[in-house]
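Visitor: The structure is given below, and queries will be raised subsequently.
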2 protein chains.
Amino acid sequence: MIYSKDFNVRNERNLTMLVDFYELTMANGYLDNNVQDKIAYFDMFFRRIPDGGGYCVMAGVQQLLEYLSDLSFSKDDIAYLVSKNTFSDKFIDYLKSFKFSCDVWAIPEGYPVFPGEPLVTVKGPIIQAQFVETMILLTINHQTLIATKASRICRAAKGRPVMEFGSRRAQGYDGAIYGARAAVIGGCVGTACTIAEEMFDIPALGTMAHSWVQLFDTEYDAFKAWTITYPDNCVLLIDTYNVLRSGILNAIKVFNDVLKPMGKRPKGIRIDSGDITYLTKKVREILDEAGYADVKITVSNSLDEYIISGVLENGAQIDNFGVGERLITARSEPVFGGVYKLVAVENDGVIIPKIKISENAEKIINPAFKKLYRIFDKTTHKAIADFITLHDEKFDENRPLEIFNPTYTWKKKNLKHYYIKELMVKLFENGKQIYESPSVMEIKAFSEQEVSKLWTEVLRFDNPHAYYVDLSWNLWNLKQGLLNHYSEILEE
Amino acid sequence: MIYSKDFNVRNERNLTMLVDFYELTMANGYLDNNVQDKIAYFDMFFRRIPDGGGYCVMAGVQQLLEYLSDLSFSKDDIAYLVSKNTFSDKFIDYLKSFKFSCDVWAIPEGYPVFPGEPLVTVKGPIIQAQFVETMILLTINHQTLIATKASRICRAAKGRPVMEFGSRRAQGYDGAIYGARAAVIGGCVGTACTIAEEMFDIPALGTMAHSWVQLFDTEYDAFKAWTITYPDNCVLLIDTYNVLRSGILNAIKVFNDVLKPMGKRPKGIRIDSGDITYLTKKVREILDEAGYADVKITVSNSLDEYIISGVLENGAQIDNFGVGERLITARSEPVFGGVYKLVAVENDGVIIPKIKISENAEKIINPAFKKLYRIFDKTTHKAIADFITLHDEKFDENRPLEIFNPTYTWKKKNLKHYYIKELMVKLFENGKQIYESPSVMEIKAFSEQEVSKLWTEVLRFDNPHAYYVDLSWNLWNLKQGLLNHYSEILEE
């Protein structure tokens, strides 16, 4: 995997071997049973939106592109695999000359996405289409989790900028790096993670820590030294000793003593502990009275969407938020449960849909090679529903379209003034990359636009309306037929 | 950062730039104010054990060694930093010839560790000792979190092997890779993450997924094909359609049809869904009756320490556990809140202790350059307490030692039959690495031994006894003096 095109070659990584061991034992088994070239179709999808939210934000496609275009086994990898005494010589030879040849589709990053619909589809020889499972899931699960959480947090801030500050509490280095990327896609204005700016061209931000203040003999001395070094971008951290008795007073003194004679304005103050609502109200008053109504207040102590909503409701005076551990780990629900399931195979060129039934009804999959559409209202341009069809079904947008609830099929809706958009794009054709990802800042803007097309009922934090993800009658009938078939077999 | 000495050069990474941006603005500020070479002492420590547990398991030191021994800024890094228009020429020149020169101490991996004690101490020029904050926290926070969670889960399994299966749900690639490493340190017997075996020489494990079963026309065909390929290591996944009506019956049929004629025994079956207690009891009966009492049952569906305890209490028949998302993300509490705080500076060679006071009493730090000891009972060899002293205090183990509760100082204990062990080792001297890390499997064995030295009251899942972390009278008096000093200043 290449971190980014222009980035330091010291940071190239190949993650081909980041694979669950059973993908390798299965691949060896496919070859051993001479089914390795059977064409298989896999869907990645998820079943539940974290935090009881109404939508997720797709993220991670760029890293999928890098991983898939770089799939290869090094001499060391081969030597390691031989040492396991588990794999046939034929399989080892296959890996030595491995060449990725699948077709891959995905929903572009930034789109709001919903349970039950394919986010990624892979078509190709089963030996390959199976192998990429771990990395597809790992990549999309992680970044979609964080982008979704960031979207919630940024909406709670109601337009105030939110900065991602969580590197130190992330789950590993990539948790920090790709987490920062996903946080910006989800709505953050920037990150404290410097390497993420270098890699993704997203703004890196930050000023001082408490240790700066502690190093000097007095808080005043510390602020003064800082202000002389950064007169044009002066943000002071005022809670090392005591916000109201010490920090804000020393800050204003330094603004007056150092910046005023230079004819410069301070940029802001930051508070990282204590009762945020109380302190920011008091600090706002003190700043305003001292003639610093333009100085911004940044707050950064264990925040998430719930706390941000709460303090704003209570009248906290905050201009910017720095959000750390609860964003970078999606602390309230730190797992995005995407799965990767076989949905079809080809027998002599004919696509045979496959289903996995389960003791849990909600774990049943949508079989077959499919297409995914989003239906918009022609007047409002709001998203009405997502619509999954068989891959070769045709639409006539000029005719009314009946959609229905796939569980309660009597709940129907007849759409007239609508237009449809196919959601997935093709990333790879016969293993060749044919899609270029936009920049992260472009994805961020795109995501904001697409999320704004959702009804407020879907955007709501608490008990949002479940967005419709409907199946065409053809797909629904096919699914029911497969379920009945297996149910009968098991009854026998 | 080098992944491991023998590992594929394609996977070398330098993570010098994985740093919060404010570390760079502060470093530039130190230089600008000519305090860059002031000797500073920082401690990394944590305040709370996740999940209400009684201890944590230290992990991540090996990666700290790699990071710190590889600190350097590439030409690309320098060009990027120049482009920010934030840093002085002097600072940029400093980075170009950057050479790490700090002393670093840490508690070796595998030790049980406790709130309030230093896990890592850095001494050196403030410009450097400050800079490494982000990566020290990120590294130790992540791996200690996962090792601690793994230790809980493995203890819940009461001696049954636990395998780490969570790569696909990890928070980023390193979340999977270093998470697998930490999980093994915490007690897991192996991981599904193949690259982790290549990198750390920890066992990679795994057999088949549901898609293998789906690919064939019947479950019987799928099991048969697998068994012919892996007659010596045959583990079948029996829940693709229905465990009792289909999976276990087909498995036994294949054991009889394929393995018996070869004179081979099957290894096991795996169940990944449904009511684990009920299914494993039934499957155990069926296997036993069919003459397969030696076949192991592995279970792997959304497990953690609570579910494992519960199903075992209810008589579930399980030999091995595969644990996924709830281990690799420490789902129940996915943040380890380690912090990195300035505790002292040197003025003309004299060490001046520093403190950060706070509105929250429990957030107050232990000041000064310190030493950390573990006190053991001479007869039982159980750990009695950890004991923090000033760095130059002397002990006489032949004399009684009074320890006391640092909050309720009247709670005292006079120790007679004890011996002490210094916990921290020196990793770097003047920037030169002087410590070599044991292998992961050695750390795992060491950890098991050291955790077994804790009293069962500390090991308990619910409301464990709080292990004593006490201060020497000298350190306690110094801390109170500093607190009184600041309290008086703020009253003025």
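Convention: chains lettered A, B, ... in structure tokens order; per-chain residue numbering from 1; ligands numbered from 1 as shown.
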If we count only C-alpha atoms and set the cut-off at 7 Å, which residues sit around Ile238 of chain A, ignoring sequence neighbours fewer than 4 positions away in its own chain? Please answer as a list in words.
Guide: Val243, Gly247, Ile248, Ile269, Arg270 and Ile271 of chain A
Visitor: Enumerate the residues of segment 112-303 of chain B with a DSSP assignment of strand (DSSP E or B), computed from the backbone, and present them as a list of chain:residue names.
Guide: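 The strand (DSSP E or B) subset of segment 112-303 of chain B is B:Pro112, B:Val113, B:Val120, B:Thr121, B:Val122, B:Lys123, B:Gly124, B:Pro125, B:Val162, B:Met163, B:Glu164, B:Gly190, B:Thr191, B:Cys193, B:Ala204, B:Val235, B:Leu236, B:Leu237, B:Gly268, B:Ile269, B:Arg270, B:Ile271, B:Lys296, B:Ile297, B:Thr298, B:Val299.
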Visitor: Could you save the residues just selected, with N, CA, C and O atoms, as a compact mmCIF listing (two decimals), in the first residue's frame?
Guide:
# COMPACT_ATOMS: atom_id res chain seq x y z
N PRO B 112 1.81 -6.41 35.16
CA PRO B 112 0.59 -5.71 35.56
C PRO B 112 0.97 -4.31 36.04
O PRO B 112 1.97 -4.14 36.73
N VAL B 113 0.18 -3.32 35.64
CA VAL B 113 0.46 -1.92 36.00
C VAL B 113 -0.82 -1.28 36.54
O VAL B 113 -1.93 -1.76 36.29
N VAL B 120 6.15 5.22 31.65
CA VAL B 120 7.29 5.66 30.85
C VAL B 120 7.76 6.98 31.44
O VAL B 120 6.94 7.82 31.83
N THR B 121 9.07 7.16 31.54
CA THR B 121 9.62 8.46 31.95
C THR B 121 10.64 8.89 30.91
O THR B 121 11.46 8.07 30.47
N VAL B 122 10.55 10.14 30.50
CA VAL B 122 11.50 10.69 29.53
C VAL B 122 12.22 11.87 30.18
O VAL B 122 11.57 12.75 30.76
N LYS B 123 13.53 11.87 30.09
CA LYS B 123 14.35 12.98 30.57
C LYS B 123 15.19 13.50 29.42
O LYS B 123 15.88 12.70 28.76
N GLY B 124 15.14 14.78 29.17
CA GLY B 124 15.98 15.31 28.11
C GLY B 124 15.64 16.74 27.79
O GLY B 124 14.80 17.35 28.46
N PRO B 125 16.30 17.32 26.78
CA PRO B 125 16.00 18.69 26.38
C PRO B 125 14.51 18.82 26.10
O PRO B 125 13.95 17.98 25.40
N VAL B 162 -7.90 -19.08 23.91
CA VAL B 162 -8.64 -18.00 23.26
C VAL B 162 -7.82 -17.53 22.06
O VAL B 162 -6.63 -17.25 22.19
N MET B 163 -8.47 -17.46 20.89
CA MET B 163 -7.80 -16.97 19.68
C MET B 163 -8.34 -15.60 19.32
O MET B 163 -9.53 -15.34 19.47
N GLU B 164 -7.46 -14.72 18.84
CA GLU B 164 -7.84 -13.35 18.44
C GLU B 164 -8.28 -13.41 16.98
O GLU B 164 -7.50 -13.75 16.12
N GLY B 190 -3.13 -17.27 19.94
CA GLY B 190 -2.79 -16.97 18.56
C GLY B 190 -3.77 -15.98 17.99
O GLY B 190 -4.63 -15.46 18.70
N THR B 191 -3.64 -15.73 16.68
CA THR B 191 -4.44 -14.71 16.01
C THR B 191 -4.79 -15.19 14.61
O THR B 191 -4.08 -16.02 14.05
N CYS B 193 -4.69 -13.01 12.30
CA CYS B 193 -3.99 -11.98 11.50
C CYS B 193 -2.65 -12.50 11.02
O CYS B 193 -1.66 -12.52 11.75
N ALA B 204 -0.42 -17.83 13.79
CA ALA B 204 -1.60 -17.47 13.01
C ALA B 204 -2.45 -18.72 12.79
O ALA B 204 -1.92 -19.78 12.47
N VAL B 235 -11.07 -28.99 10.73
CA VAL B 235 -12.02 -28.27 11.58
C VAL B 235 -13.12 -27.75 10.66
O VAL B 235 -12.85 -27.02 9.72
N LEU B 236 -14.37 -28.14 10.93
CA LEU B 236 -15.48 -27.78 10.03
C LEU B 236 -16.42 -26.78 10.68
O LEU B 236 -16.75 -26.90 11.87
N LEU B 237 -16.83 -25.80 9.88
CA LEU B 237 -17.76 -24.75 10.34
C LEU B 237 -19.18 -25.25 10.06
O LEU B 237 -19.55 -25.43 8.90
N GLY B 268 -11.86 -30.80 14.93
CA GLY B 268 -12.89 -30.04 15.63
C GLY B 268 -13.99 -29.53 14.73
O GLY B 268 -13.97 -29.72 13.51
N ILE B 269 -14.96 -28.90 15.36
CA ILE B 269 -16.01 -28.19 14.64
C ILE B 269 -16.08 -26.77 15.22
O ILE B 269 -15.64 -26.52 16.35
N ARG B 270 -16.62 -25.85 14.41
CA ARG B 270 -16.75 -24.46 14.88
C ARG B 270 -18.18 -24.00 14.67
O ARG B 270 -18.81 -24.33 13.66
N ILE B 271 -18.69 -23.25 15.65
CA ILE B 271 -20.03 -22.66 15.57
C ILE B 271 -19.89 -21.15 15.72
O ILE B 271 -19.21 -20.68 16.63
N LYS B 296 -12.86 -31.32 19.25
CA LYS B 296 -13.01 -30.08 20.02
C LYS B 296 -14.11 -29.18 19.43
O LYS B 296 -14.31 -29.17 18.21
N ILE B 297 -14.74 -28.43 20.30
CA ILE B 297 -15.75 -27.46 19.87
C ILE B 297 -15.20 -26.05 20.05
O ILE B 297 -14.80 -25.65 21.14
N THR B 298 -15.16 -25.31 18.94
CA THR B 298 -14.73 -23.92 18.97
C THR B 298 -15.94 -23.02 18.73
O THR B 298 -16.78 -23.32 17.88
N VAL B 299 -16.00 -21.93 19.46
CA VAL B 299 -17.13 -21.01 19.34
C VAL B 299 -16.59 -19.61 19.09
O VAL B 299 -15.55 -19.25 19.63
Visitor: Using only C-alpha atoms, which residues sit within 10 Å of Pro118 of chain A once same-chain residues fewer than 3 positions away are excluded, as a list in words?
Guide: Phe42, Asp43, Met44, Phe45, Phe46, Trp105, Ala106, Ile107, Val113, Phe114, Pro115, Thr121, Val339, Tyr340, Asn366, Lys370, Lys371, Leu372, Ile388, Leu423 and Met424 of chain A
Visitor: Okay, now the selection with N, CA, C and O atoms, as a short mmCIF file (atom, residue, chain, number, x, y, z; two decimals), in the first residue's frame?
Guide:
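Saved result, again-v7.cif, follows:
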data_model
loop_
_atom_site.label_atom_id
_atom_site.label_comp_id
_atom_site.auth_asym_id
_atom_site.auth_seq_id
_atom_site.Cartn_x
_atom_site.Cartn_y
_atom_site.Cartn_z
N PHE A 42 -19.17 -11.27 -4.35
CA PHE A 42 -19.27 -10.98 -2.92
C PHE A 42 -19.77 -9.54 -2.73
O PHE A 42 -19.38 -8.64 -3.47
N ASP A 43 -20.64 -9.37 -1.74
CA ASP A 43 -21.06 -8.02 -1.34
C ASP A 43 -20.50 -7.70 0.04
O ASP A 43 -20.57 -8.54 0.95
N MET A 44 -20.00 -6.48 0.20
CA MET A 44 -19.80 -5.96 1.55
C MET A 44 -20.99 -5.10 1.89
O MET A 44 -21.38 -4.21 1.11
N PHE A 45 -21.59 -5.32 3.05
CA PHE A 45 -22.71 -4.49 3.51
C PHE A 45 -22.72 -4.49 5.03
O PHE A 45 -21.96 -5.22 5.67
N PHE A 46 -23.57 -3.62 5.62
CA PHE A 46 -23.69 -3.61 7.08
C PHE A 46 -25.16 -3.68 7.45
O PHE A 46 -26.03 -3.51 6.61
N TRP A 105 -16.72 -2.92 -7.60
CA TRP A 105 -17.55 -1.71 -7.56
C TRP A 105 -17.63 -1.23 -6.11
O TRP A 105 -17.57 -2.04 -5.18
N ALA A 106 -17.82 0.09 -5.94
CA ALA A 106 -18.04 0.60 -4.58
C ALA A 106 -18.85 1.89 -4.65
O ALA A 106 -18.87 2.58 -5.68
N ILE A 107 -19.51 2.19 -3.56
CA ILE A 107 -20.15 3.51 -3.42
C ILE A 107 -19.04 4.51 -3.14
O ILE A 107 -18.21 4.29 -2.26
N VAL A 113 -24.88 6.24 3.49
CA VAL A 113 -25.18 4.84 3.14
C VAL A 113 -26.02 4.20 4.24
O VAL A 113 -26.06 4.70 5.37
N PHE A 114 -26.67 3.09 3.88
CA PHE A 114 -27.71 2.53 4.75
C PHE A 114 -27.60 1.01 4.85
O PHE A 114 -27.01 0.37 3.98
N PRO A 115 -28.19 0.46 5.93
CA PRO A 115 -28.10 -0.98 6.15
C PRO A 115 -28.69 -1.79 5.01
O PRO A 115 -29.70 -1.40 4.40
N THR A 121 -18.86 -4.37 -4.08
CA THR A 121 -19.13 -5.66 -4.71
C THR A 121 -17.87 -6.11 -5.45
O THR A 121 -17.23 -5.29 -6.13
N VAL A 339 -19.99 -6.73 6.86
CA VAL A 339 -19.69 -8.13 6.56
C VAL A 339 -19.50 -8.28 5.05
O VAL A 339 -19.85 -7.38 4.26
N TYR A 340 -18.94 -9.39 4.64
CA TYR A 340 -18.57 -9.65 3.24
C TYR A 340 -19.10 -11.03 2.91
O TYR A 340 -18.63 -12.03 3.47
N ASN A 366 -29.09 -10.30 1.13
CA ASN A 366 -29.74 -10.10 -0.16
C ASN A 366 -28.90 -10.80 -1.23
O ASN A 366 -27.77 -10.39 -1.50
N LYS A 370 -26.28 -7.49 -8.09
CA LYS A 370 -27.32 -6.48 -7.99
C LYS A 370 -26.85 -5.11 -8.46
O LYS A 370 -25.66 -4.89 -8.70
N LYS A 371 -27.81 -4.22 -8.60
CA LYS A 371 -27.49 -2.81 -8.80
C LYS A 371 -28.18 -2.00 -7.73
O LYS A 371 -29.25 -2.36 -7.25
N LEU A 372 -27.57 -0.87 -7.37
CA LEU A 372 -28.08 -0.04 -6.28
C LEU A 372 -28.35 1.38 -6.81
O LEU A 372 -27.46 2.00 -7.41
N ILE A 388 -32.71 -1.50 -4.60
CA ILE A 388 -31.79 -2.54 -5.06
C ILE A 388 -32.50 -3.44 -6.05
O ILE A 388 -33.61 -3.92 -5.77
N LEU A 423 -25.63 4.32 -7.61
CA LEU A 423 -24.70 4.74 -6.56
C LEU A 423 -23.29 4.18 -6.71
O LEU A 423 -22.32 4.84 -6.37
N MET A 424 -23.17 2.94 -7.16
CA MET A 424 -21.83 2.34 -7.18
C MET A 424 -21.08 2.71 -8.45
O MET A 424 -21.67 2.82 -9.52
#
Visitor: Using backbone DSSP assignments, extract all helix (DSSP H, G or I) residues from segment 267-337 of chain B; output them as a ChimeraX atom specification.
Guide: /B:276-289,305-313,325-328
Visitor: Output the selection as a compact mmCIF listing (two decimals), in the first residue's frame - N, CA and C atoms for each residue.
Guide:
# COMPACT_ATOMS: atom_id res chain seq x y z
N ILE B 276 -25.35 -20.35 21.84
CA ILE B 276 -24.11 -21.11 22.04
C ILE B 276 -24.25 -22.18 23.11
N THR B 277 -24.90 -21.83 24.21
CA THR B 277 -25.00 -22.80 25.31
C THR B 277 -25.79 -24.04 24.84
N TYR B 278 -26.96 -23.80 24.30
CA TYR B 278 -27.81 -24.88 23.83
C TYR B 278 -27.12 -25.70 22.74
N LEU B 279 -26.62 -25.00 21.73
CA LEU B 279 -26.04 -25.71 20.59
C LEU B 279 -24.82 -26.54 20.97
N THR B 280 -23.93 -25.97 21.80
CA THR B 280 -22.71 -26.72 22.12
C THR B 280 -23.03 -27.95 22.98
N LYS B 281 -24.02 -27.83 23.86
CA LYS B 281 -24.41 -29.01 24.65
C LYS B 281 -24.91 -30.13 23.73
N LYS B 282 -25.79 -29.76 22.81
CA LYS B 282 -26.35 -30.74 21.87
C LYS B 282 -25.26 -31.34 20.99
N VAL B 283 -24.42 -30.45 20.45
CA VAL B 283 -23.37 -30.91 19.54
C VAL B 283 -22.39 -31.84 20.27
N ARG B 284 -22.07 -31.49 21.52
CA ARG B 284 -21.19 -32.35 22.32
C ARG B 284 -21.79 -33.75 22.46
N GLU B 285 -23.09 -33.81 22.80
CA GLU B 285 -23.77 -35.11 22.92
C GLU B 285 -23.69 -35.90 21.62
N ILE B 286 -24.02 -35.21 20.52
CA ILE B 286 -24.05 -35.89 19.22
C ILE B 286 -22.66 -36.41 18.84
N LEU B 287 -21.65 -35.57 19.07
CA LEU B 287 -20.28 -35.99 18.76
C LEU B 287 -19.88 -37.19 19.63
N ASP B 288 -20.16 -37.10 20.91
CA ASP B 288 -19.78 -38.18 21.82
C ASP B 288 -20.44 -39.49 21.41
N GLU B 289 -21.74 -39.42 21.12
CA GLU B 289 -22.47 -40.63 20.74
C GLU B 289 -21.93 -41.24 19.45
N GLU B 305 -15.54 -11.16 27.82
CA GLU B 305 -15.38 -11.84 29.11
C GLU B 305 -16.72 -12.10 29.79
N TYR B 306 -17.69 -11.22 29.57
CA TYR B 306 -18.98 -11.38 30.23
C TYR B 306 -19.75 -12.56 29.62
N ILE B 307 -19.79 -12.61 28.30
CA ILE B 307 -20.51 -13.69 27.63
C ILE B 307 -19.83 -15.03 27.88
N ILE B 308 -18.50 -15.04 27.83
CA ILE B 308 -17.78 -16.28 28.07
C ILE B 308 -18.07 -16.79 29.49
N SER B 309 -17.99 -15.91 30.48
CA SER B 309 -18.32 -16.32 31.86
C SER B 309 -19.73 -16.88 31.92
N GLY B 310 -20.64 -16.19 31.26
CA GLY B 310 -22.05 -16.59 31.31
C GLY B 310 -22.30 -17.95 30.70
N VAL B 311 -21.80 -18.19 29.50
CA VAL B 311 -22.10 -19.47 28.85
C VAL B 311 -21.40 -20.63 29.57
N LEU B 312 -20.21 -20.39 30.10
CA LEU B 312 -19.54 -21.47 30.84
C LEU B 312 -20.30 -21.80 32.11
N GLU B 313 -20.83 -20.75 32.77
CA GLU B 313 -21.61 -20.97 33.98
C GLU B 313 -22.86 -21.79 33.68
N GLU B 325 -14.44 -8.72 17.43
CA GLU B 325 -14.53 -7.26 17.54
C GLU B 325 -14.46 -6.76 18.98
N ARG B 326 -14.98 -7.51 19.93
CA ARG B 326 -15.03 -6.99 21.29
C ARG B 326 -13.67 -7.01 21.97
N LEU B 327 -12.75 -7.81 21.43
CA LEU B 327 -11.38 -7.79 21.92
C LEU B 327 -10.54 -6.77 21.14
N ILE B 328 -10.59 -6.84 19.82
CA ILE B 328 -9.66 -6.03 19.01
C ILE B 328 -9.97 -4.53 19.12
Visitor: Record the distance separating atom CA of Ser447 of chain B and atom CA of Leu205 of chain B, expressed in Å with one decimal.
Guide: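 Result for atom CA of Ser447 of chain B versus atom CA of Leu205 of chain B: 22.0 Å, one decimal.
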Visitor: Would you list the contacts of segment 165-174 of chain A as a ChimeraX atom specification, taking every protein, DNA or RNA residue within 9 Å and counting only C-alpha atoms, but skipping same-chain residues closer than 2 positions in sequence?
Guide: /A:163,176-180,190-193,205-206,300,322-329 /B:15,18-20,133-139,141-143,145,170-179,329,334-339
Visitor: Using only C-alpha atoms, which of the listed residues (A:Thr207, A:Ser437, A:Asn414, A:Asn320) sits closest to Ala27 of chain B?
Guide: A:Thr207
Visitor: Do a neighbour search on Gly263 of chain B at 12 Å with only C-alpha atoms, toss out local chain neighbours closer than 5 positions, and write the hits as a VMD selection string.
Guide: chain B and resid 231 to 232 255 to 258
Visitor: Set the distance at 7 Å and use only C-alpha atoms: which residues neighbour Val61 of chain B once local chain neighbours fewer than 2 positions away are removed? I'd like the list as a PyMOL selection string.
Guide: chain B and resi 59+63-65+108-109
Visitor: Now that the selection is made, can you save its residues with N, CA, C and O atoms as a compact mmCIF listing (two decimals), in the first residue's frame?
Guide:
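Listing of part_3.txt after writing:
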# COMPACT_ATOMS: atom_id res chain seq x y z
N ALA B 59 1.94 -2.90 27.63
CA ALA B 59 2.34 -3.39 26.30
C ALA B 59 2.69 -2.23 25.38
O ALA B 59 2.19 -1.11 25.57
N GLN B 63 7.55 -1.26 20.26
CA GLN B 63 7.26 -0.27 19.21
C GLN B 63 7.79 1.10 19.59
O GLN B 63 8.18 1.88 18.72
N LEU B 64 7.85 1.40 20.89
CA LEU B 64 8.48 2.65 21.33
C LEU B 64 9.96 2.65 21.00
O LEU B 64 10.51 3.66 20.54
N LEU B 65 10.59 1.51 21.23
CA LEU B 65 12.03 1.39 20.90
C LEU B 65 12.24 1.69 19.42
O LEU B 65 13.15 2.44 19.05
N PRO B 108 8.77 -2.80 31.66
CA PRO B 108 8.78 -3.79 30.57
C PRO B 108 7.38 -4.34 30.28
O PRO B 108 6.53 -4.39 31.17
N GLU B 109 7.19 -4.75 29.05
CA GLU B 109 5.89 -5.29 28.62
C GLU B 109 5.53 -6.55 29.40
O GLU B 109 6.39 -7.37 29.70
Visitor: Report, in Å to a single decimal, how far apart atom CA of Phe21 of chain A and atom CA of Ile228 of chain B are.
Guide: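 Computed distance, atom CA of Ile228 of chain B to atom CA of Phe21 of chain A, equals 18.9 Å.
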